[in-house]
Amino acid sequence: MPVKDEQGNLITSEREQENIWNEHFKEVLNRPEPETTANIPIAEHDLEVNIEIPPRSEIIRAVKSLKNNKATGNDKLSAEQFKSDPTLTANILHTPFKKIWQNIKIPKNWSEGNIIRLAKKGDLTNCNNWRGIIK
């Protein structure tokens with residue numbers, strides 16, 4: 001579907017439309033830092049936090065708590081697939097989680113996503129009449 005650029009010109013080229021959408025969502029999703037900083041009081045007591053590598057039992061608990069009927073990520077794996085055998089899932093995931101925990105480095109593609117456009121009401125050639133959902 002064609003969209004309008006900031007000057008109101010209708011753009012029909014797919015490449016130009018992609019550039020328009022990229023710029024639109026960069027602007028919408030990357031807001032500037034607030035001018036005033038939050039006044040967060042210092043905690044009266046430190047919390048006991050376990051910073052050891054998560055055991056398989058914790059992974060199993062997390063897998064079981066995943067919500068069903070949600071969109072898959074880039075890997076196309078659903079929560080239902082993980083939940084079909086939580087123990088097997090935990091055994092498979094424990095090794096990479098352990099490596100990530102020890103190296104303190106999360107794989108880059110774990111923080112990437114796709115933006116899906118959902119139409120709102122109004123003129124659909126206007127980018128502001130679309131909602132971006134990060135998948």
# chains A, B, ... in the order shown; residues from 1 in each chain; ligands from 1
>>> residues_around(residues="A:Asn129", least_positions_apart="6", cutoff="10 Å", atoms="only C-alpha atoms", output="JSON, numbers by chain")
{"A": [117, 118, 119, 120, 121, 122, 123]}
>>> residues_around(residues="A:Asn68", least_positions_apart="4", cutoff="8 Å", atoms="only C-alpha atoms", output="PyMOL selection string")
chain A and resi 78-80
>>> write_last_selection(atoms="N, CA, C and O atoms", output="compact mmCIF listing (two decimals), in the first residue's frame")
# COMPACT_ATOMS: atom_id res chain seq x y z
N SER A 78 7.18 -21.39 19.10
CA SER A 78 6.11 -20.90 19.97
C SER A 78 6.32 -21.38 21.40
O SER A 78 7.04 -22.35 21.66
N ALA A 79 5.62 -20.72 22.32
CA ALA A 79 5.68 -21.12 23.73
C ALA A 79 5.18 -22.56 23.89
O ALA A 79 5.72 -23.32 24.69
N GLU A 80 4.17 -22.91 23.10
CA GLU A 80 3.61 -24.26 23.20
C GLU A 80 4.66 -25.32 22.86
O GLU A 80 4.66 -26.40 23.46
>>> closest_residue(among="A:Ile133, A:Ile104, A:Val49, A:Leu124", to="A:Leu10", atoms="only C-alpha atoms")
A:Leu124
>>> closest_residue(among="A:Pro34, A:Pro41, A:Gly8, A:Pro55", to="A:Ile20", atoms="only C-alpha atoms")
A:Gly8
>>> select_by_dssp(residues="chain A", states="strand (DSSP E or B)", output="PyMOL selection string")
chain A and resi 3-4+10-11+115-119+130-134
>>> select_by_dssp(residues="chain A", states="alpha helix (DSSP H)", output="ChimeraX atom specification")
/A:14-29,56-64,79-83,86-103
>>> atom_distance(atom1="atom CA of A:Arg56", atom2="atom CA of A:Ala90")
5.6 Å
>>> decode(residues="stretch 33-44 of chain A", atoms="N, CA and C atoms", output="compact mmCIF listing (two decimals), in the first residue's frame")
# COMPACT_ATOMS: atom_id res chain seq x y z
N GLU A 33 16.09 11.47 25.53
CA GLU A 33 16.14 11.31 26.98
C GLU A 33 15.28 12.39 27.65
N PRO A 34 14.66 12.10 28.78
CA PRO A 34 13.87 13.12 29.47
C PRO A 34 14.78 14.27 29.93
N GLU A 35 14.22 15.46 29.97
CA GLU A 35 15.00 16.63 30.38
C GLU A 35 15.30 16.61 31.88
N THR A 36 14.39 16.05 32.66
CA THR A 36 14.61 15.96 34.10
C THR A 36 14.89 14.50 34.46
N THR A 37 15.77 14.30 35.40
CA THR A 37 16.09 12.94 35.82
C THR A 37 15.15 12.52 36.95
N ALA A 38 14.91 11.25 37.03
CA ALA A 38 14.02 10.71 38.06
C ALA A 38 14.71 10.82 39.43
N ASN A 39 13.94 11.12 40.43
CA ASN A 39 14.45 11.21 41.79
C ASN A 39 14.14 9.89 42.49
N ILE A 40 15.06 8.95 42.40
CA ILE A 40 14.85 7.61 42.97
C ILE A 40 15.59 7.53 44.30
N PRO A 41 14.87 7.33 45.40
CA PRO A 41 15.54 7.26 46.70
C PRO A 41 16.38 5.99 46.82
N ILE A 42 17.42 6.07 47.60
CA ILE A 42 18.30 4.92 47.84
C ILE A 42 17.53 3.90 48.68
N ALA A 43 17.67 2.63 48.33
CA ALA A 43 16.96 1.57 49.04
C ALA A 43 17.46 1.47 50.47
N GLU A 44 16.53 1.24 51.38
CA GLU A 44 16.90 1.12 52.79
C GLU A 44 17.62 -0.20 53.06
